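Novice: Handing over run.txt, compact mmCIF, C-alpha atoms.
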```
# COMPACT_ATOMS: atom_id res chain seq x y z
CA THR A 12 78.44 140.49 86.27
CA PHE A 13 76.95 137.40 84.65
CA PRO A 14 73.86 137.73 82.47
CA PRO A 15 72.07 134.59 81.21
CA GLU A 16 74.69 133.64 78.62
CA ARG A 17 77.32 133.45 81.42
CA PHE A 18 79.69 135.84 79.70
CA ALA A 19 82.05 137.70 82.04
CA HIS A 20 81.68 141.48 81.78
CA GLY A 21 84.27 142.49 84.36
CA ILE A 22 85.60 142.01 87.86
CA ARG A 23 84.46 143.05 91.30
CA VAL A 24 87.02 144.64 93.62
CA SER A 25 86.29 143.93 97.27
CA GLY A 26 86.65 146.38 100.14
CA PRO A 27 84.44 148.45 102.45
CA LEU A 28 82.54 149.61 99.36
CA PRO A 29 83.05 147.16 96.45
CA SER A 30 83.85 148.65 93.05
CA TYR A 31 83.81 147.26 89.53
CA LEU A 32 86.19 147.17 86.59
CA LEU A 33 84.10 146.31 83.55
CA PHE A 34 85.62 145.44 80.20
CA ASP A 35 83.28 147.68 78.22
CA GLU A 36 83.98 151.37 78.87
CA ALA A 37 80.33 152.34 78.47
CA ASP A 38 79.35 149.72 81.05
CA ASN A 39 82.09 151.04 83.30
CA ARG A 40 80.73 154.60 83.13
CA ILE A 41 77.20 153.42 83.85
CA MET A 42 78.27 151.39 86.87
CA ALA A 43 80.35 154.27 88.21
CA GLY A 44 77.35 156.56 87.85
CA LEU A 45 75.09 154.14 89.69
CA GLN A 46 77.59 153.91 92.54
CA GLN A 47 77.72 157.70 92.73
CA THR A 48 73.93 157.69 93.07
CA PHE A 49 74.30 155.56 96.21
CA PRO A 50 77.71 156.70 97.52
CA THR A 51 77.51 155.08 100.97
CA SER A 52 75.97 151.74 100.03
CA THR A 53 77.12 148.55 98.36
CA VAL A 54 75.70 148.42 94.83
CA THR A 55 75.61 144.92 93.33
CA PRO A 56 74.39 143.98 89.84
CA VAL A 57 72.50 140.73 90.33
CA SER A 58 70.89 140.13 86.95
CA SER A 59 70.53 141.64 83.48
CA THR A 60 69.07 141.13 80.04
CA PRO A 61 71.49 139.55 77.54
CA ASP A 62 72.15 142.91 75.85
CA MET A 63 72.69 144.63 79.24
CA THR A 64 70.01 147.24 78.49
CA GLN A 65 68.25 146.41 81.75
CA ILE A 66 70.10 145.60 84.96
CA VAL A 67 68.72 144.55 88.34
CA LEU A 68 70.71 146.10 91.17
CA LEU A 69 70.83 145.37 94.88
CA VAL A 70 71.46 148.47 97.01
CA SER A 71 72.41 147.68 100.60
CA GLY A 72 73.74 150.17 103.12
CA ASN A 73 72.97 153.71 104.20
CA GLU A 74 70.69 154.35 101.21
CA GLY A 75 68.75 151.13 101.39
CA ALA A 76 67.93 148.08 103.47
CA GLN A 77 68.50 145.68 100.58
CA ARG A 78 66.54 147.42 97.84
CA TYR A 79 66.21 145.82 94.41
CA LEU A 80 66.12 148.35 91.58
CA LEU A 81 65.77 148.02 87.83
CA TYR A 82 68.02 150.27 85.77
CA ASP A 83 66.97 150.93 82.19
CA ARG A 84 70.05 152.24 80.38
CA THR A 85 68.04 153.29 77.33
CA ALA A 86 65.67 155.48 79.33
CA HIS A 87 68.31 156.28 81.98
CA ARG A 88 65.80 155.42 84.69
CA LEU A 89 65.81 153.57 88.00
CA ASP A 90 62.63 151.86 89.19
CA ALA A 91 61.99 150.06 92.46
CA VAL A 92 61.42 146.32 92.12
CA ALA A 93 61.37 144.87 95.63
CA GLU A 94 62.77 145.28 99.14
CA SER A 95 63.94 142.69 101.65
CA TYR A 96 62.83 144.94 104.53
CA PRO A 97 59.95 147.03 103.16
CA GLU A 98 59.03 148.40 106.59
CA ILE A 99 62.42 150.09 106.97
CA GLU A 100 62.69 153.52 105.39
CA GLU A 101 65.98 155.16 104.47
CA GLY A 102 65.89 157.53 107.46
CA GLN A 103 65.48 154.58 109.84
CA ILE A 104 68.79 152.95 108.93
CA ALA A 105 71.48 153.32 111.59
CA PRO A 106 74.51 155.04 110.00
CA ILE A 107 77.24 152.74 108.68
CA SER A 108 80.84 153.85 108.13
CA ALA A 109 84.25 152.34 107.45
CA ILE A 110 87.37 152.93 109.52
CA ASN A 111 90.92 151.65 109.83
CA TYR A 112 92.70 151.25 113.15
CA ALA A 113 96.23 150.23 114.06
CA SER A 114 96.83 146.87 115.72
CA ARG A 115 99.51 146.53 118.39
CA ASP A 116 102.07 145.53 115.76
CA GLY A 117 101.16 148.46 113.52
CA THR A 118 99.06 146.55 110.97
CA LYS A 119 96.07 148.52 109.70
CA ILE A 120 92.82 146.67 110.43
CA PRO A 121 89.80 147.69 108.31
CA ALA A 122 86.49 147.69 110.16
CA ILE A 123 82.85 148.71 109.91
CA LEU A 124 81.06 150.85 112.48
CA THR A 125 77.30 151.01 112.83
CA TRP A 126 76.19 153.96 114.93
CA PRO A 127 73.06 154.49 117.02
CA LEU A 128 70.46 156.63 115.29
CA GLY A 129 70.76 160.31 116.15
CA VAL A 130 74.43 160.14 117.16
CA ASP A 131 76.82 162.62 115.56
CA THR A 132 79.33 160.23 113.99
CA THR A 133 82.01 162.95 113.88
CA GLU A 134 81.84 163.77 117.58
CA ALA A 135 83.93 161.83 120.08
CA ARG A 136 81.85 160.90 123.11
CA ARG A 137 82.55 158.48 125.95
CA ASP A 138 79.10 157.25 126.86
CA LEU A 139 78.38 154.81 124.03
CA PRO A 140 78.12 151.14 124.97
CA LEU A 141 80.07 149.02 122.50
CA LEU A 142 79.27 145.65 120.96
CA VAL A 143 82.11 143.93 119.13
CA LEU A 144 80.63 141.75 116.38
CA PRO A 145 83.29 139.62 114.63
CA HIS A 146 82.10 137.92 111.45
CA GLY A 147 81.94 134.19 110.84
CA GLY A 148 83.98 132.21 108.39
CA PRO A 149 86.55 133.28 109.38
CA GLU A 150 87.44 133.70 105.71
CA SER A 151 84.77 136.28 104.90
CA TYR A 152 84.49 140.01 105.57
CA ASP A 153 82.17 142.83 106.57
CA SER A 154 81.50 145.80 104.31
CA ILE A 155 79.20 148.81 104.22
CA ARG A 156 75.88 147.04 103.78
CA PHE A 157 72.66 146.53 105.70
CA ASP A 158 73.38 143.94 108.41
CA TRP A 159 70.19 143.02 110.27
CA TRP A 160 72.05 141.94 113.40
CA ALA A 161 74.19 145.09 113.64
CA GLN A 162 71.24 147.30 112.74
CA TYR A 163 68.99 145.83 115.40
CA PHE A 164 71.38 146.59 118.26
CA ALA A 165 72.51 149.93 116.86
CA ARG A 166 68.85 150.97 116.86
CA LYS A 167 68.78 150.05 120.54
CA GLY A 168 71.64 152.46 121.25
CA TYR A 169 74.82 150.40 120.91
CA LEU A 170 77.86 151.27 118.83
CA ILE A 171 78.70 148.19 116.74
CA LEU A 172 82.28 147.34 115.74
CA GLN A 173 82.78 144.73 113.00
CA PRO A 174 86.54 144.24 112.58
CA ASN A 175 88.01 142.63 109.48
CA PHE A 176 90.70 140.97 111.57
CA ARG A 177 93.59 139.15 109.97
CA GLY A 178 92.25 135.99 108.37
CA SER A 179 89.42 137.93 106.72
CA THR A 180 89.00 137.98 102.96
CA GLY A 181 88.32 141.11 100.91
CA PHE A 182 91.57 142.95 101.69
CA GLY A 183 94.23 140.96 99.89
CA SER A 184 95.73 137.52 100.19
CA ALA A 185 98.42 138.61 102.68
CA HIS A 186 95.74 139.84 105.10
CA ARG A 187 93.80 136.58 104.72
CA GLN A 188 96.81 134.30 105.09
CA ALA A 189 98.06 136.20 108.15
CA GLY A 190 95.26 134.51 110.08
CA ARG A 191 96.39 130.95 109.34
CA GLY A 192 97.06 129.19 112.64
CA GLN A 193 96.20 132.36 114.60
CA TRP A 194 92.85 131.47 116.16
CA GLY A 195 92.88 132.85 119.69
CA LYS A 196 96.15 134.66 119.02
CA LEU A 197 96.77 137.34 116.39
CA MET A 198 93.18 137.27 115.17
CA GLN A 199 91.95 137.80 118.72
CA ASP A 200 94.42 140.61 119.34
CA ASP A 201 92.99 142.45 116.35
CA LEU A 202 89.58 142.51 118.06
CA ALA A 203 90.96 143.76 121.36
CA ASP A 204 92.97 146.43 119.55
CA GLY A 205 89.78 147.66 117.90
CA VAL A 206 88.20 148.12 121.32
CA GLN A 207 91.29 149.98 122.47
CA ALA A 208 91.21 152.25 119.44
CA LEU A 209 87.56 153.22 119.94
CA THR A 210 87.84 153.77 123.67
CA ALA A 211 91.09 155.74 123.31
CA ALA A 212 89.43 157.96 120.69
CA GLY A 213 86.52 158.57 123.04
CA TYR A 214 83.79 156.92 121.00
CA ALA A 215 83.04 154.09 123.43
CA ASP A 216 82.89 153.59 127.17
CA PRO A 217 85.66 151.12 128.14
CA ASP A 218 83.53 149.83 131.02
CA ARG A 219 80.60 148.91 128.76
CA VAL A 220 81.98 146.61 126.10
CA CYS A 221 80.48 143.24 125.16
CA ILE A 222 81.44 140.82 122.40
CA MET A 223 79.04 138.67 120.39
CA GLY A 224 79.23 136.60 117.26
CA ALA A 225 78.10 133.49 115.41
CA SER A 226 80.05 130.51 114.11
CA TYR A 227 83.71 131.65 114.00
CA GLY A 228 82.40 134.89 115.49
CA GLY A 229 81.00 132.78 118.32
CA TYR A 230 84.44 131.26 118.84
CA ALA A 231 85.96 134.76 118.88
CA ALA A 232 83.41 135.86 121.48
CA LEU A 233 84.23 132.88 123.70
CA ALA A 234 87.95 133.44 123.18
CA GLY A 235 87.45 137.06 124.23
CA GLY A 236 85.96 135.88 127.51
CA ALA A 237 88.82 133.44 128.05
CA PHE A 238 91.84 135.42 126.87
CA ASP A 239 90.80 139.08 127.28
CA ALA A 240 88.64 138.65 130.36
CA GLU A 241 89.26 142.18 131.65
CA LEU A 242 88.03 143.75 128.42
CA TYR A 243 84.45 142.48 128.09
CA ARG A 244 81.45 143.00 130.29
CA CYS A 245 79.52 140.12 128.72
CA ILE A 246 79.96 137.35 126.15
CA ILE A 247 77.39 136.17 123.57
CA ALA A 248 78.15 133.19 121.32
CA VAL A 249 75.73 131.82 118.73
CA ALA A 250 76.70 128.41 117.30
CA GLY A 251 80.24 129.04 118.46
CA VAL A 252 83.22 126.69 118.51
CA SER A 253 84.68 126.09 121.96
CA ASP A 254 86.84 122.99 121.46
CA LEU A 255 89.17 123.06 118.44
CA PRO A 256 90.51 119.47 118.68
CA ARG A 257 86.93 118.23 118.95
CA MET A 258 85.93 120.32 115.92
CA LEU A 259 88.71 118.82 113.81
CA SER A 260 88.10 115.25 114.97
CA ASP A 261 84.37 115.57 114.27
CA GLU A 262 85.11 116.92 110.80
CA ARG A 263 87.42 113.99 110.14
CA ARG A 264 84.84 111.51 111.36
CA TYR A 265 81.97 112.98 109.35
CA SER A 266 83.87 113.77 106.13
CA GLY A 267 86.73 111.28 106.09
CA SER A 268 90.40 111.94 106.77
CA ASP A 269 91.26 112.56 103.12
CA HIS A 270 88.39 115.01 102.47
CA TRP A 271 89.26 118.51 101.29
CA VAL A 272 87.23 120.01 104.13
CA VAL A 273 89.56 118.42 106.69
CA ALA A 274 92.62 119.73 104.83
CA TYR A 275 91.05 123.18 104.65
CA TRP A 276 90.38 123.40 108.38
CA GLU A 277 93.78 122.08 109.33
CA LYS A 278 95.31 124.75 107.10
CA LEU A 279 93.31 127.43 108.91
CA VAL A 280 93.50 126.10 112.46
CA GLY A 281 96.30 123.54 112.77
CA ASP A 282 96.96 119.83 112.63
CA SER A 283 94.87 117.98 115.20
CA LYS A 284 97.81 115.73 116.14
CA GLU A 285 100.98 117.73 115.62
CA ASP A 286 99.46 120.97 116.97
CA LYS A 287 97.21 119.47 119.64
CA ALA A 288 98.87 121.29 122.55
CA ARG A 289 98.49 124.65 120.79
CA LEU A 290 94.90 123.88 119.83
CA LEU A 291 94.04 123.08 123.44
CA GLU A 292 95.73 126.31 124.47
CA VAL A 293 93.36 128.36 122.34
CA SER A 294 90.19 126.33 123.02
CA PRO A 295 87.88 128.36 125.31
CA VAL A 296 86.43 125.18 126.87
CA GLU A 297 89.83 124.56 128.45
CA HIS A 298 89.87 127.97 130.16
CA ALA A 299 86.49 128.24 131.87
CA GLU A 300 88.07 129.40 135.12
CA ALA A 301 89.48 132.48 133.35
CA TYR A 302 86.03 133.96 132.64
CA ARG A 303 84.91 137.00 134.58
CA ALA A 304 81.95 138.10 132.47
CA PRO A 305 78.56 136.34 132.16
CA VAL A 306 78.11 134.20 129.06
CA LEU A 307 75.08 133.60 126.84
CA LEU A 308 75.23 130.55 124.56
CA LEU A 309 72.67 129.97 121.79
CA HIS A 310 72.79 127.00 119.45
CA GLY A 311 70.48 125.24 117.00
CA ASP A 312 69.96 121.57 117.80
CA GLN A 313 70.02 120.69 114.07
CA ASP A 314 73.33 122.44 113.38
CA THR A 315 75.46 120.20 111.14
CA VAL A 316 78.26 122.74 110.64
CA VAL A 317 79.10 123.38 114.30
CA PRO A 318 77.38 120.63 116.31
CA ILE A 319 75.55 121.75 119.44
CA VAL A 320 77.97 119.73 121.58
CA GLN A 321 80.40 122.65 121.18
CA SER A 322 78.04 124.84 123.22
CA SER A 323 76.81 122.17 125.64
CA ARG A 324 80.40 121.28 126.61
CA MET A 325 81.21 124.98 127.06
CA ALA A 326 78.17 125.42 129.29
CA ARG A 327 79.18 122.44 131.46
CA ALA A 328 82.75 123.70 131.77
CA LEU A 329 81.59 127.15 132.88
CA ARG A 330 79.16 125.69 135.41
CA ARG A 331 81.86 123.44 136.84
CA ALA A 332 84.01 126.55 137.27
CA ASN A 333 81.09 128.36 138.97
CA ARG A 334 80.91 130.95 136.21
CA ARG A 335 77.73 132.67 135.09
CA VAL A 336 76.31 131.08 131.94
CA GLU A 337 72.96 130.79 130.18
CA PHE A 338 72.48 128.17 127.49
CA VAL A 339 69.55 128.42 125.06
CA GLU A 340 68.92 125.50 122.71
CA LEU A 341 67.13 126.56 119.53
CA ASP A 342 64.77 123.74 118.66
CA GLY A 343 64.75 122.57 115.05
CA GLU A 344 67.23 125.22 113.95
CA ASP A 345 70.28 124.93 111.70
CA HIS A 346 73.63 126.71 111.66
CA TRP A 347 72.36 129.72 109.74
CA LEU A 348 69.22 130.31 111.83
CA SER A 349 67.20 129.92 108.65
CA GLN A 350 63.81 130.35 110.32
CA SER A 351 62.74 133.95 110.84
CA GLU A 352 61.00 133.01 114.09
CA THR A 353 64.29 131.72 115.47
CA ARG A 354 66.12 134.92 114.53
CA ILE A 355 63.52 136.96 116.35
CA ALA A 356 63.78 134.69 119.38
CA MET A 357 67.57 135.00 119.29
CA LEU A 358 67.43 138.80 119.19
CA ARG A 359 65.03 138.85 122.12
CA GLU A 360 67.24 136.53 124.18
CA ILE A 361 70.30 138.68 123.49
CA SER A 362 68.37 141.90 124.20
CA ALA A 363 67.26 140.61 127.59
CA PHE A 364 70.79 139.42 128.38
CA LEU A 365 72.26 142.81 127.46
CA ALA A 366 69.62 144.64 129.50
CA ARG A 367 70.78 142.67 132.54
CA ASN A 368 74.50 142.87 131.92
CA ASN A 369 75.29 145.87 129.70
CA PRO A 370 72.29 148.21 129.50
CA VAL A 371 72.38 151.19 127.16
CA ARG A 372 71.93 153.71 129.96
CA ALA A 373 75.17 154.09 131.90
CA GLU A 374 73.45 154.94 135.18
CA ALA A 375 71.59 151.61 135.02
CA SER A 376 74.79 149.58 134.80
CA GLY A 377 75.06 148.50 138.41
CA SER A 378 75.57 144.89 137.39
CA ALA A 379 79.11 145.52 136.21
CA ARG A 380 81.73 142.80 136.36
```
Would you write out, as structure tokens, the structure that this file holds?

Specialist:
Amino acid sequence: TFPPERFAHGIRVSGPLPSYLLFDEADNRIMAGLQQTFPTSTVTPVSSTPDMTQIVLLVSGNEGAQRYLLYDRTAHRLDAVAESYPEIEEGQIAPISAINYASRDGTKIPAILTWPLGVDTTEARRDLPLLVLPHGGPESYDSIRFDWWAQYFARKGYLILQPNFRGSTGFGSAHRQAGRGQWGKLMQDDLADGVQALTAAGYADPDRVCIMGASYGGYAALAGGAFDAELYRCIIAVAGVSDLPRMLSDERRYSGSDHWVVAYWEKLVGDSKEDKARLLEVSPVEHAEAYRAPVLLLHGDQDTVVPIVQSSRMARALRRANRRVEFVELDGEDHWLSQSETRIAMLREISAFLARNNPVRAEASGSAR
């Protein structure tokens, strides 16, 4: 934590539920007690007085939809300060849990599940429609916290799987580095293996699985349609990458060949010249004919991180291959969908698409692939 004088008080240990190792033992006990107060949420100290007598905490997860609390260590009291989603009460949060599943090579993949409200999370049942929601980055990770996207669709009745596939941060450097050069390969297998684990355990219906994501998650969704076509009933990509050589060449043109951003992406993805054949092999735009499921593409026309041409070229390729595709351009929107109106519009577009292609009620699913 970093109060105003910028003095380090400890370290944060990542994972499904982050923990803290603080240098002062009294601080350590207080933080441990606060985490025990909210045992199934991420508790983050975001600010404090210089003497650490008052600490502002962010509680995000099963016990709060991003609640800001003030802890007074002198009075041993917690007071509410603000909430990001004041309309959402604790009992209205779809349950969030952490799991591990085995990949095909035996590697344990940590993941987050968000369950529909009212579902017994300990009971195996085979009628839950599943949405696979890979995170962006790809060097980031999902934890037990309130995720507005996952929560929205869990409230509609979908089981949400957020895998921390290889290449994710938060679970050690070996796990992160195992994703280098594995776009469309090992990283994609980890997603498919998560679907297999949930369907084999009886939690999800194998005939009602869709994949959706944004940014890298959008790439992973498109790669799922191209390389695991039999697995997914529908594909939803928001600001997704479809053409890896084009992504790298655009980055080089915009930033300059010697920019650190170019070096970073080539480390993650591959060299645009030496690895061009492999990059084309894992670019969804090159495999439009492989798609079996309908595709929904959404992209902001002011996106400077993943230019909208990545989605427009994907849409053209799918249409040329006579595949089902819908392309929604989000006017005036950036990569992060910063405008709340756009986020609402996006959720409505996806909801309508799912209602047509993977409805919650199994008996209404006549539009199967």

Novice: So what do you get for atom CA of Gly178 of chain A versus atom CA of Ala208 of chain A, distance-wise?

Specialist: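 Distance between the two atoms: 19.7 Å.
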
Novice: With distances taken over all atoms listed in the file, which residue among A:Tyr152, A:Gly129, A:Ile41, A:Leu209 lies nearest Gly183 of chain A?

Specialist: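 The closest residue to Gly183 of chain A is A:Tyr152.
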
Novice: Tell me which of A:Asp342, A:Asp282, A:Asp269, A:Glu297 sits closest to Ser253 of chain A, counting only C-alpha atoms.

Specialist: A:Glu297

Novice: Near Arg23 of chain A, within 9 Å and counting all atoms listed in the file, which residues show up once chain neighbours fewer than 6 positions away are dropped, as a PyMOL selection string?

Specialist: chain A and resi 12+29-33

Novice: Find the spatial neighbours of Ser179 of chain A, counting all atoms listed in the file, within a cut-off of 12 Å - ignore same-chain residues fewer than 3 positions away - and output them as a PyMOL selection string.

Specialist: chain A and resi 25-26+120-122+145-154+173-176+182-191+193-194+198+201+227-228+279

Novice: Which residues are close to segment 89-102 of chain A, i.e. within 7 Å by all atoms listed in the file, leaving aside same-chain residues fewer than 4 positions away? Reply as a VMD selection string.

Specialist: chain A and resid 74 to 83

Novice: Counting all atoms listed in the file, what are the residues of segment 193-287 of chain A within 10 Å of segment 309-321 of chain A, and for each of them which pair of atoms is the nearest and at what distance in Å, to one decimal? Sort the table by chain and rising number, as a tab-separated table.

Specialist:
```
residue	atom	partner	partner_atom	distance
A:Ala225	CA	A:Leu309	CA	9.1
A:Ser226	CA	A:Val317	CA	7.2
A:Tyr227	CA	A:Val317	CA	9.5
A:Gly229	CA	A:Leu309	CA	9.5
A:Tyr230	CA	A:Gln321	CA	9.8
A:Ile247	CA	A:Leu309	CA	8.0
A:Ala248	CA	A:Leu309	CA	6.4
A:Val249	CA	A:Leu309	CA	4.7
A:Ala250	CA	A:His310	CA	4.7
A:Gly251	CA	A:Gln321	CA	6.9
A:Val252	CA	A:Gln321	CA	5.6
A:Ser253	CA	A:Gln321	CA	5.5
A:Asp254	CA	A:Gln321	CA	6.5
A:Leu255	CA	A:Gln321	CA	9.2
A:Arg257	CA	A:Gln321	CA	8.2
A:Met258	CA	A:Val317	CA	7.7
A:Asp261	CA	A:Pro318	CA	8.9
A:Glu262	CA	A:Val316	CA	9.0
A:Tyr265	CA	A:Thr315	CA	9.9
```

Novice: Expressed in Å to a single decimal, how great is the separation between atom CA of Leu124 of chain A and atom CA of Glu360 of chain A?

Specialist: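 Those two atoms sit 23.1 Å apart.
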
Novice: Taking into account all atoms listed in the file, which residue in the set A:Lys278, A:Arg166, A:Arg156, A:Arg335 is nearest to Ser108 of chain A?

Specialist: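 Distance minimum relative to Ser108 of chain A lands on A:Arg156.
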
Novice: In terms of the shortest atom-to-atom distance over only C-alpha atoms, which of A:Leu259, A:Ala161, A:Leu45, A:Ile66 is closest to Ser283 of chain A?

Specialist: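 Between A:Leu259, A:Ala161, A:Leu45, A:Ile66, the residue approaching Ser283 of chain A most closely is A:Leu259.
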